[in-house]
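Peer 1: Dropping in work_3.csv, with CSV, C-alpha atoms.
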chain,number,residue,atom,x,y,z
T,6,MET,CA,65.0,-27.8,10.4
T,7,SER,CA,62.7,-29.6,7.9
T,8,SER,CA,59.1,-30.0,8.9
T,9,ILE,CA,55.8,-30.5,7.1
T,10,ARG,CA,54.5,-27.7,9.3
T,11,PRO,CA,57.5,-25.3,9.7
T,12,TRP,CA,55.2,-22.6,11.0
T,13,ARG,CA,54.8,-24.6,14.2
T,14,THR,CA,58.5,-25.1,14.8
T,15,ILE,CA,60.0,-23.3,17.8
T,16,GLU,CA,63.8,-23.6,18.0
T,17,ARG,CA,64.8,-23.1,21.7
T,18,ARG,CA,67.8,-21.1,22.6
T,19,LYS,CA,70.6,-23.4,23.6
T,20,SER,CA,71.5,-22.8,27.2
T,21,ARG,CA,73.5,-24.9,29.6
T,22,GLN,CA,71.6,-26.9,32.1
T,23,ILE,CA,71.5,-26.6,35.9
T,24,MET,CA,69.7,-28.7,38.5
T,25,VAL,CA,67.2,-27.2,40.9
T,26,GLY,CA,66.9,-30.1,43.4
T,27,ASN,CA,66.1,-33.1,41.1
T,28,VAL,CA,64.6,-30.9,38.4
T,29,PRO,CA,66.7,-30.0,35.4
T,30,VAL,CA,66.4,-26.4,34.1
T,31,GLY,CA,67.8,-25.4,30.8
T,32,GLY,CA,69.4,-27.4,28.0
T,33,ASP,CA,66.9,-29.7,26.4
T,34,ALA,CA,64.9,-30.2,29.7
T,35,PRO,CA,61.2,-29.4,29.6
T,36,ILE,CA,60.4,-25.7,30.4
T,37,THR,CA,59.4,-25.8,34.1
T,38,VAL,CA,56.5,-24.0,35.6
T,39,GLN,CA,56.8,-22.4,39.1
T,40,THR,CA,54.9,-20.2,41.5
T,41,MET,CA,55.3,-18.8,45.0
T,42,THR,CA,53.5,-19.3,48.2
T,43,ASN,CA,51.7,-16.4,49.9
T,44,THR,CA,51.1,-18.0,53.3
T,45,PRO,CA,53.2,-16.9,56.3
T,46,THR,CA,56.3,-19.1,56.0
T,47,GLU,CA,56.3,-19.5,59.8
T,48,ASP,CA,52.9,-21.3,59.4
T,49,VAL,CA,54.4,-24.6,58.2
T,50,LYS,CA,51.1,-26.4,57.9
T,51,ALA,CA,49.4,-23.6,55.9
T,52,THR,CA,52.5,-23.3,53.6
T,53,LEU,CA,52.7,-27.1,53.0
T,54,ASP,CA,49.0,-27.2,52.3
T,55,GLN,CA,49.4,-24.6,49.7
T,56,ILE,CA,52.4,-26.3,48.2
T,57,ARG,CA,50.4,-29.5,48.0
T,58,ARG,CA,47.6,-27.8,46.1
T,59,CYS,CA,50.2,-26.4,43.7
T,60,GLU,CA,51.8,-29.8,43.2
T,61,GLU,CA,48.4,-31.2,42.3
T,62,VAL,CA,47.9,-28.8,39.5
T,63,GLY,CA,51.4,-29.5,38.1
T,64,ALA,CA,53.9,-27.1,39.7
T,65,ASP,CA,57.5,-28.2,39.0
T,66,ILE,CA,59.2,-25.8,41.5
T,67,ILE,CA,57.9,-23.5,44.2
T,68,ARG,CA,59.4,-20.4,45.9
T,69,VAL,CA,58.9,-19.6,49.5
T,70,SER,CA,59.8,-16.3,51.0
T,71,CYS,CA,62.3,-16.2,53.9
T,72,PRO,CA,62.3,-12.6,55.2
T,73,THR,CA,62.9,-13.3,58.9
T,74,GLU,CA,64.8,-15.6,61.2
T,75,GLU,CA,61.4,-17.1,62.3
T,76,SER,CA,60.7,-18.0,58.6
T,77,THR,CA,63.8,-20.1,58.3
T,78,ARG,CA,63.6,-21.7,61.8
T,79,ASP,CA,61.3,-24.5,60.6
T,80,PHE,CA,62.2,-24.3,57.0
T,81,ARG,CA,63.5,-27.8,56.9
T,82,LYS,CA,60.0,-29.1,57.6
T,83,ILE,CA,58.8,-27.4,54.5
T,84,THR,CA,61.7,-28.6,52.3
T,85,GLN,CA,61.2,-32.2,53.6
T,86,GLY,CA,57.4,-32.1,53.3
T,87,ALA,CA,57.3,-30.8,49.8
T,88,ARG,CA,57.5,-33.2,46.8
T,89,ILE,CA,58.9,-30.5,44.5
T,90,PRO,CA,62.1,-28.4,44.9
T,91,ILE,CA,61.8,-25.3,47.1
T,92,VAL,CA,63.4,-22.0,46.2
T,93,ALA,CA,64.1,-19.7,49.2
T,94,ASP,CA,63.4,-16.1,48.4
T,95,ILE,CA,66.0,-13.9,50.0
T,96,HIS,CA,66.3,-10.1,50.1
T,97,PHE,CA,68.9,-8.1,51.9
T,98,HIS,CA,69.5,-10.6,54.8
T,99,TYR,CA,72.3,-12.9,53.7
T,100,LYS,CA,72.0,-15.0,56.9
T,101,ARG,CA,68.5,-16.1,55.8
T,102,ALA,CA,70.2,-17.5,52.6
T,103,LEU,CA,72.7,-19.4,54.8
T,104,GLU,CA,69.9,-20.8,57.0
T,105,ALA,CA,67.7,-21.8,54.0
T,106,ALA,CA,70.6,-23.5,52.2
T,107,ASP,CA,71.4,-25.5,55.4
T,108,ALA,CA,67.7,-26.4,55.7
T,109,GLY,CA,67.3,-28.0,52.4
T,110,ALA,CA,66.5,-25.2,49.9
T,111,ALA,CA,67.1,-26.4,46.3
T,112,CYS,CA,67.8,-22.9,45.1
T,113,LEU,CA,68.3,-19.4,46.6
T,114,ARG,CA,66.7,-16.4,44.9
T,115,ILE,CA,68.9,-13.5,45.6
T,116,ASN,CA,70.3,-10.2,44.1
T,117,PRO,CA,74.0,-10.6,44.9
T,118,GLY,CA,74.2,-6.8,44.8
T,119,ASN,CA,71.7,-6.2,47.6
T,120,ILE,CA,72.9,-8.6,50.3
T,121,GLY,CA,75.9,-6.6,51.3
T,122,SER,CA,79.7,-6.9,51.0
T,123,ALA,CA,81.7,-9.2,48.8
T,124,GLN,CA,82.4,-11.3,51.9
T,125,ARG,CA,78.7,-11.9,52.4
T,126,VAL,CA,78.3,-12.9,48.8
T,127,ALA,CA,81.2,-15.3,49.3
T,128,GLU,CA,79.5,-16.8,52.4
T,129,VAL,CA,76.2,-17.4,50.5
T,130,VAL,CA,78.1,-19.0,47.6
T,131,ARG,CA,80.0,-21.3,50.1
T,132,ALA,CA,76.6,-22.3,51.6
T,133,ALA,CA,75.1,-23.0,48.2
T,134,LYS,CA,78.1,-25.1,47.1
T,135,ALA,CA,78.1,-27.0,50.4
T,136,ASN,CA,74.4,-27.8,50.1
T,137,GLY,CA,74.1,-28.4,46.4
T,138,CYS,CA,71.9,-25.3,45.9
T,139,ALA,CA,71.4,-23.4,42.7
T,140,ILE,CA,71.1,-19.6,42.7
T,141,ARG,CA,68.6,-17.5,40.8
T,142,ILE,CA,69.7,-14.0,40.1
T,143,GLY,CA,66.5,-11.9,40.2
T,144,VAL,CA,66.9,-8.5,38.5
T,145,ASN,CA,63.8,-6.3,38.7
T,146,ALA,CA,63.1,-3.0,37.1
T,147,GLY,CA,61.5,-1.8,40.3
T,148,SER,CA,64.7,-2.3,42.4
T,149,LEU,CA,67.6,-1.5,40.1
T,150,GLU,CA,70.8,-0.2,41.7
T,151,LYS,CA,71.0,3.5,42.2
T,152,ASP,CA,74.2,3.8,40.1
T,153,LEU,CA,72.5,2.2,37.1
T,154,LEU,CA,69.5,4.5,37.5
T,155,GLU,CA,71.8,7.5,37.5
T,156,LYS,CA,73.7,6.1,34.5
T,157,TYR,CA,70.7,5.4,32.3
T,158,GLY,CA,68.1,7.8,33.8
T,159,GLU,CA,65.4,5.2,34.1
T,160,PRO,CA,64.9,1.4,34.0
T,161,CYS,CA,65.7,0.3,30.4
T,162,PRO,CA,66.8,-3.0,28.8
T,163,GLU,CA,70.4,-2.0,28.9
T,164,ALA,CA,70.2,-1.2,32.7
T,165,LEU,CA,68.6,-4.6,33.5
T,166,ILE,CA,71.1,-6.5,31.4
T,167,GLU,CA,74.0,-4.6,33.0
T,168,SER,CA,72.7,-5.4,36.5
T,169,ALA,CA,72.3,-9.1,35.6
T,170,LEU,CA,75.9,-9.2,34.2
T,171,ASP,CA,77.3,-7.5,37.3
T,172,HIS,CA,75.5,-10.0,39.5
T,173,ILE,CA,76.7,-12.9,37.4
T,174,LYS,CA,80.3,-11.7,37.7
T,175,LEU,CA,79.9,-11.7,41.5
T,176,LEU,CA,79.1,-15.4,41.4
T,177,GLN,CA,81.6,-16.3,38.7
T,178,ASP,CA,84.4,-14.6,40.7
T,179,HIS,CA,83.7,-17.3,43.3
T,180,ASP,CA,83.7,-20.1,40.7
T,181,PHE,CA,80.0,-20.6,41.0
T,182,HIS,CA,78.1,-21.4,37.8
T,183,GLU,CA,74.9,-23.2,38.9
T,184,TYR,CA,72.7,-20.1,38.4
T,185,LYS,CA,69.8,-18.9,36.3
T,186,VAL,CA,68.8,-15.3,35.7
T,187,ALA,CA,65.6,-13.3,35.4
T,188,VAL,CA,65.3,-9.7,34.2
T,189,LYS,CA,61.7,-8.9,35.1
T,190,ALA,CA,59.6,-5.7,34.7
T,191,SER,CA,55.9,-4.9,34.9
T,192,ASP,CA,56.3,-3.2,31.5
T,193,VAL,CA,55.9,-5.9,28.9
T,194,PHE,CA,58.0,-4.0,26.3
T,195,LEU,CA,60.9,-3.5,28.8
T,196,ALA,CA,60.9,-7.0,30.0
T,197,VAL,CA,60.8,-8.6,26.6
T,198,ALA,CA,63.6,-6.4,25.2
T,199,ALA,CA,65.8,-7.1,28.2
T,200,TYR,CA,65.3,-10.9,27.9
T,201,HIS,CA,66.1,-10.7,24.2
T,202,GLY,CA,69.3,-8.8,24.9
T,203,LEU,CA,70.3,-11.1,27.8
T,204,ALA,CA,69.6,-14.2,25.8
T,205,GLU,CA,72.2,-13.1,23.2
T,206,THR,CA,74.8,-12.3,25.9
T,207,VAL,CA,74.8,-15.3,28.3
T,208,ASP,CA,74.5,-19.1,28.1
T,209,CYS,CA,72.8,-19.7,31.5
T,210,PRO,CA,69.2,-20.7,31.8
T,211,LEU,CA,66.7,-17.9,31.8
T,212,HIS,CA,63.7,-17.6,34.2
T,213,LEU,CA,60.9,-15.7,32.5
T,214,GLY,CA,58.3,-13.5,34.1
T,215,ILE,CA,56.4,-10.2,33.8
T,216,THR,CA,56.4,-9.0,37.4
T,217,GLU,CA,53.4,-7.4,39.1
T,218,ALA,CA,51.4,-8.3,36.1
T,219,GLY,CA,48.0,-7.7,37.8
T,220,GLY,CA,44.9,-9.7,38.5
T,221,LEU,CA,43.8,-13.0,37.1
T,222,ILE,CA,42.5,-11.6,33.8
T,223,GLY,CA,44.7,-8.6,33.2
T,224,GLY,CA,47.8,-10.4,34.5
T,225,THR,CA,47.1,-13.4,32.4
T,226,VAL,CA,46.9,-11.2,29.3
T,227,LYS,CA,50.1,-9.3,30.0
T,228,SER,CA,52.0,-12.4,30.9
T,229,SER,CA,50.8,-14.3,27.9
T,230,ILE,CA,51.9,-11.5,25.6
T,231,GLY,CA,55.3,-11.1,27.3
T,232,ILE,CA,56.2,-14.7,28.3
T,233,GLY,CA,54.4,-16.1,25.3
T,234,SER,CA,56.3,-14.0,22.8
T,235,LEU,CA,59.6,-15.0,24.4
T,236,LEU,CA,58.8,-18.7,24.4
T,237,TRP,CA,57.7,-18.4,20.8
T,238,ALA,CA,61.1,-17.0,20.0
T,239,GLY,CA,62.7,-19.9,21.8
T,240,ILE,CA,63.8,-18.0,24.9
T,241,GLY,CA,63.1,-19.3,28.4
T,242,ASP,CA,63.8,-22.3,30.5
T,243,THR,CA,61.5,-21.8,33.4
T,244,ILE,CA,58.5,-19.5,33.9
T,245,ARG,CA,56.5,-17.9,36.7
T,246,VAL,CA,53.3,-16.1,35.9
T,247,SER,CA,52.9,-13.3,38.5
T,248,LEU,CA,49.2,-12.8,39.3
T,249,SER,CA,47.3,-11.2,42.1
T,250,ALA,CA,45.6,-14.6,42.4
T,251,GLU,CA,46.1,-17.8,44.2
T,252,PRO,CA,49.3,-19.7,43.3
T,253,GLU,CA,47.4,-22.6,41.8
T,254,GLN,CA,46.0,-20.2,39.2
T,255,GLU,CA,49.6,-19.1,38.2
T,256,ILE,CA,50.5,-22.7,37.5
T,257,LYS,CA,47.3,-23.3,35.4
T,258,VAL,CA,48.0,-20.2,33.3
T,259,GLY,CA,51.6,-21.2,32.9
T,260,PHE,CA,50.7,-24.6,31.6
T,261,GLU,CA,48.1,-23.2,29.3
T,262,MET,CA,50.8,-21.0,27.7
T,263,LEU,CA,53.1,-24.0,27.2
T,264,LYS,CA,50.2,-26.1,25.9
T,265,ALA,CA,49.2,-23.4,23.4
T,266,LEU,CA,52.7,-23.3,22.0
T,267,GLY,CA,53.1,-27.1,22.0
T,268,LEU,CA,56.0,-26.8,24.4
T,269,ARG,CA,54.5,-29.0,27.1
T,270,THR,CA,51.4,-31.1,27.5
T,271,ARG,CA,49.5,-31.9,30.7
T,272,GLY,CA,45.9,-32.7,31.2
T,273,VAL,CA,43.0,-32.0,28.9
T,274,ARG,CA,43.4,-29.3,26.2
T,275,VAL,CA,39.9,-27.9,25.6
T,276,VAL,CA,38.9,-26.4,22.3
T,277,SER,CA,35.6,-24.6,22.7
T,278,CYS,CA,33.6,-21.9,20.9
T,279,PRO,CA,32.4,-18.6,22.5
T,280,SER,CA,28.8,-19.6,21.8
T,281,CYS,CA,26.0,-17.8,19.9
T,282,SER,CA,22.3,-18.2,19.3
T,283,ARG,CA,23.0,-21.3,17.1
T,284,GLN,CA,24.2,-23.3,20.1
T,285,GLY,CA,22.4,-26.6,20.8
T,286,PHE,CA,23.4,-26.4,24.5
T,287,ASP,CA,24.8,-23.9,27.0
T,288,VAL,CA,28.4,-24.0,25.8
T,289,ILE,CA,29.8,-21.6,28.5
T,290,ARG,CA,28.4,-23.4,31.5
T,291,THR,CA,29.2,-26.8,29.9
T,292,VAL,CA,32.9,-25.9,29.4
T,293,GLU,CA,33.1,-24.4,32.9
T,294,THR,CA,31.7,-27.6,34.4
T,295,LEU,CA,33.9,-29.9,32.3
T,296,GLU,CA,37.1,-28.0,33.1
T,297,LYS,CA,36.3,-28.3,36.8
T,298,ARG,CA,35.3,-32.0,36.5
T,299,LEU,CA,38.4,-32.9,34.5
T,300,GLU,CA,41.0,-31.1,36.6
T,301,HIS,CA,42.2,-34.4,38.0
T,302,ILE,CA,43.2,-35.7,34.6
T,303,LYS,CA,46.9,-35.3,34.1
T,304,THR,CA,47.2,-37.3,30.9
T,305,PRO,CA,47.7,-35.1,27.8
T,306,MET,CA,44.6,-35.4,25.5
T,307,SER,CA,42.2,-33.1,23.7
T,308,LEU,CA,38.5,-32.3,23.9
T,309,SER,CA,36.4,-30.1,21.6
T,310,VAL,CA,33.1,-28.6,22.8
T,311,LEU,CA,31.3,-26.6,20.2
T,312,GLY,CA,27.7,-25.5,20.2
T,313,CYS,CA,26.7,-26.1,16.6
T,314,VAL,CA,27.6,-27.9,13.4
T,315,VAL,CA,29.2,-24.9,11.7
T,316,ASN,CA,32.7,-25.5,13.0
T,317,GLY,CA,31.9,-28.4,15.4
T,318,PRO,CA,32.7,-31.3,13.1
T,319,GLY,CA,35.9,-29.8,11.8
T,320,GLU,CA,37.2,-29.1,15.3
T,321,ALA,CA,36.1,-32.6,16.4
T,322,ARG,CA,38.2,-34.1,13.7
T,323,GLU,CA,41.3,-32.7,15.4
T,324,THR,CA,40.6,-34.0,19.0
T,325,ASP,CA,40.5,-37.2,21.0
T,326,ILE,CA,36.9,-36.5,22.0
T,327,GLY,CA,34.5,-34.0,20.4
T,328,LEU,CA,31.0,-32.8,21.3
T,329,THR,CA,28.9,-30.8,18.8
T,330,GLY,CA,25.5,-29.4,19.5
T,331,GLY,CA,22.5,-30.5,17.5
T,332,GLY,CA,18.8,-29.9,17.4
T,333,ASN,CA,16.1,-31.2,19.6
T,334,GLY,CA,18.5,-31.8,22.5
T,335,LYS,CA,20.5,-34.4,20.5
T,336,HIS,CA,24.2,-33.8,20.2
T,337,MET,CA,27.0,-35.6,18.3
T,338,VAL,CA,30.0,-37.3,20.0
T,339,TYR,CA,33.2,-37.8,18.0
T,340,LEU,CA,36.0,-40.2,19.0
T,341,SER,CA,39.5,-39.8,17.6
T,342,GLY,CA,38.1,-37.5,14.9
T,343,MET,CA,35.4,-39.8,13.8
T,344,LYS,CA,31.6,-39.4,14.3
T,345,ALA,CA,30.6,-42.0,16.9
T,346,HIS,CA,27.2,-41.6,18.4
T,347,ALA,CA,24.5,-39.2,19.6
T,348,ILE,CA,23.9,-38.2,23.2
T,349,ASP,CA,21.0,-36.2,24.7
T,350,ASP,CA,21.1,-33.2,27.0
T,351,GLU,CA,20.4,-35.0,30.2
T,352,ALA,CA,23.2,-37.5,29.9
T,353,MET,CA,25.7,-35.3,28.0
T,354,LEU,CA,28.0,-34.1,30.8
T,355,GLU,CA,28.4,-37.4,32.6
T,356,HIS,CA,28.9,-39.1,29.4
T,357,ILE,CA,31.8,-36.8,28.3
T,358,VAL,CA,33.5,-37.0,31.7
T,359,LYS,CA,33.3,-40.8,31.5
T,360,LEU,CA,34.7,-40.9,27.9
T,361,VAL,CA,37.6,-38.6,28.9
T,362,GLU,CA,38.4,-40.6,32.1
T,363,GLU,CA,38.3,-43.9,30.1
T,364,LYS,CA,40.6,-42.6,27.3
T,365,ALA,CA,43.0,-41.2,29.9
T,366,ALA,CA,43.2,-44.5,31.7
T,367,ALA,CA,43.7,-46.4,28.4
T,368,ILE,CA,46.6,-44.0,27.5
T,369,GLU,CA,48.2,-44.4,30.9
T,370,ALA,CA,47.9,-48.2,30.6
T,371,GLY,CA,49.5,-48.2,27.2
T,372,GLU,CA,46.4,-49.4,25.5
T,373,ALA,CA,45.8,-46.3,23.5
T,374,THR,CA,47.6,-43.1,22.4
T,375,ALA,CA,46.5,-39.5,22.4
T,376,PHE,CA,44.9,-38.7,19.0
T,377,ASP,CA,47.2,-37.1,16.4
T,378,PRO,CA,45.1,-35.9,13.5
T,379,HIS,CA,48.3,-35.4,11.4
T,380,ALA,CA,49.6,-38.9,11.9
T,381,ALA,CA,49.6,-41.5,9.1
T,382,PRO,CA,46.5,-43.7,9.2
T,383,ALA,CA,48.4,-46.7,10.7
T,384,GLU,CA,49.8,-44.5,13.5
T,385,ALA,CA,46.4,-43.0,14.3
T,386,ALA,CA,44.6,-46.2,14.6
T,387,GLU,CA,43.9,-47.5,18.1
Can I see the file as structure tokens?
Peer 2:
Amino acid sequence: MSSIRPWRTIERRKSRQIMVGNVPVGGDAPITVQTMTNTPTEDVKATLDQIRRCEEVGADIIRVSCPTEESTRDFRKITQGARIPIVADIHFHYKRALEAADAGAACLRINPGNIGSAQRVAEVVRAAKANGCAIRIGVNAGSLEKDLLEKYGEPCPEALIESALDHIKLLQDHDFHEYKVAVKASDVFLAVAAYHGLAETVDCPLHLGITEAGGLIGGTVKSSIGIGSLLWAGIGDTIRVSLSAEPEQEIKVGFEMLKALGLRTRGVRVVSCPSCSRQGFDVIRTVETLEKRLEHIKTPMSLSVLGCVVNGPGEARETDIGLTGGGNGKHMVYLSGMKAHAIDDEAMLEHIVKLVEEKAAAIEAGEATAFDPHAAPAEAAE
């Protein structure tokens, strides 16, 4: 593939495409971002409220646990109330899969090997076919089959891949092909190696994740290393960042990964410095405030916030809107890479928010485009 910047090119693995509700996964579809509710599923209002918050920050798909008969009793209210496809999370109890499929689940997350006999697998597949459900095979290093642990001695890439292939065969034996597969582990090295091996072996979409990754900071780091390296290698069709944090945070982290790799864009991409004694304003608090104030912006665009003139002008040349700290409480604002005007401390925050909102509205109305510093001059002009 020829490119003037080949070092930015990511060639995605070619997988076949499936549908999760009305969302395509795999093929040339955008890489989707998903999370999982942590409310009691029986509490329909709380669950839908949490789903709504996840939708607002960009979730494409959301998973809901179905461990009991009570959890699936009112499941249709959840599938009908959500604006995005619902994946029913099933472990062991195959009847929960049947109930969830009948209640509108767009996908069933199962391990075919842990829901019982071949007859039960056949019943789940029949329910999935009858209701247009996809299936996600979820292999996890923490719950590998005993025979594979005995064969390999410990969870290893080969064991995870063999488990996935065994589960795939169970579905294919029933002529079911609308599935995606995950081979997750909390060990980054193990998960990444397993995904690489599986990607070379199958053509189905792959669901990426580093399971039990940890809290917001530690889990983000582990997930970014694992999921990020796979995405950079072109592997992965849908991602879930598993954090001991609220589901909305998982969605935000997932989108930031995709934005950093240029695989998807949503909202304001902020370029900011870590700050030092040269800063003309409090960079850390300014960025914190701006990120919060601009959460409602869904239009892809860029904002640079740098505390001084060392790197500030250079970064501002690459963004839609730039802010560089200056002396005596006077700071410079850049628009589409060009120096525009000065702004003082007191008016700075409100002014930047207003500029971002106006630019986003203009882009949405077709009156402007997001700034591309690498475009030819005629293309970059507004």
Peer 1: Would you work out the distance separating atom CA of Ile95 of chain T from atom CA of Glu205 of chain T, expressed in Å to one decimal?
Peer 2: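 Computing it gives 27.5 Å between the two atoms.
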Peer 1: Write out as a ChimeraX atom specification each polymer residue whose atoms come within 6 Å of segment 271-286 of chain T, counting all atoms listed in the file; drop sequence neighbours fewer than 5 positions from it.
Peer 2: /T:302-313,330-332
Peer 1: Mind giving me the straight-line distance from atom CA of Lys174 of chain T to atom CA of Gly26 of chain T in Å, one decimal?
Peer 2: 23.5 Å
Peer 1: Have a look at T:Val193, T:Ile91, T:Val246, T:Val207 and name the one nearest to Ala146 of chain T; count all atoms listed in the file.
Peer 2: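 Among the listed residues, T:Val193 lies closest to Ala146 of chain T.
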Peer 1: Please provide the set of residues having any atom within 12 Å of Asp48 of chain T, restricted to only C-alpha atoms, with same-chain residues fewer than 2 positions apart removed, written as a PyMOL selection string.
Peer 2: chain T and resi 42-46+50-55+69-70+75-80+82-83
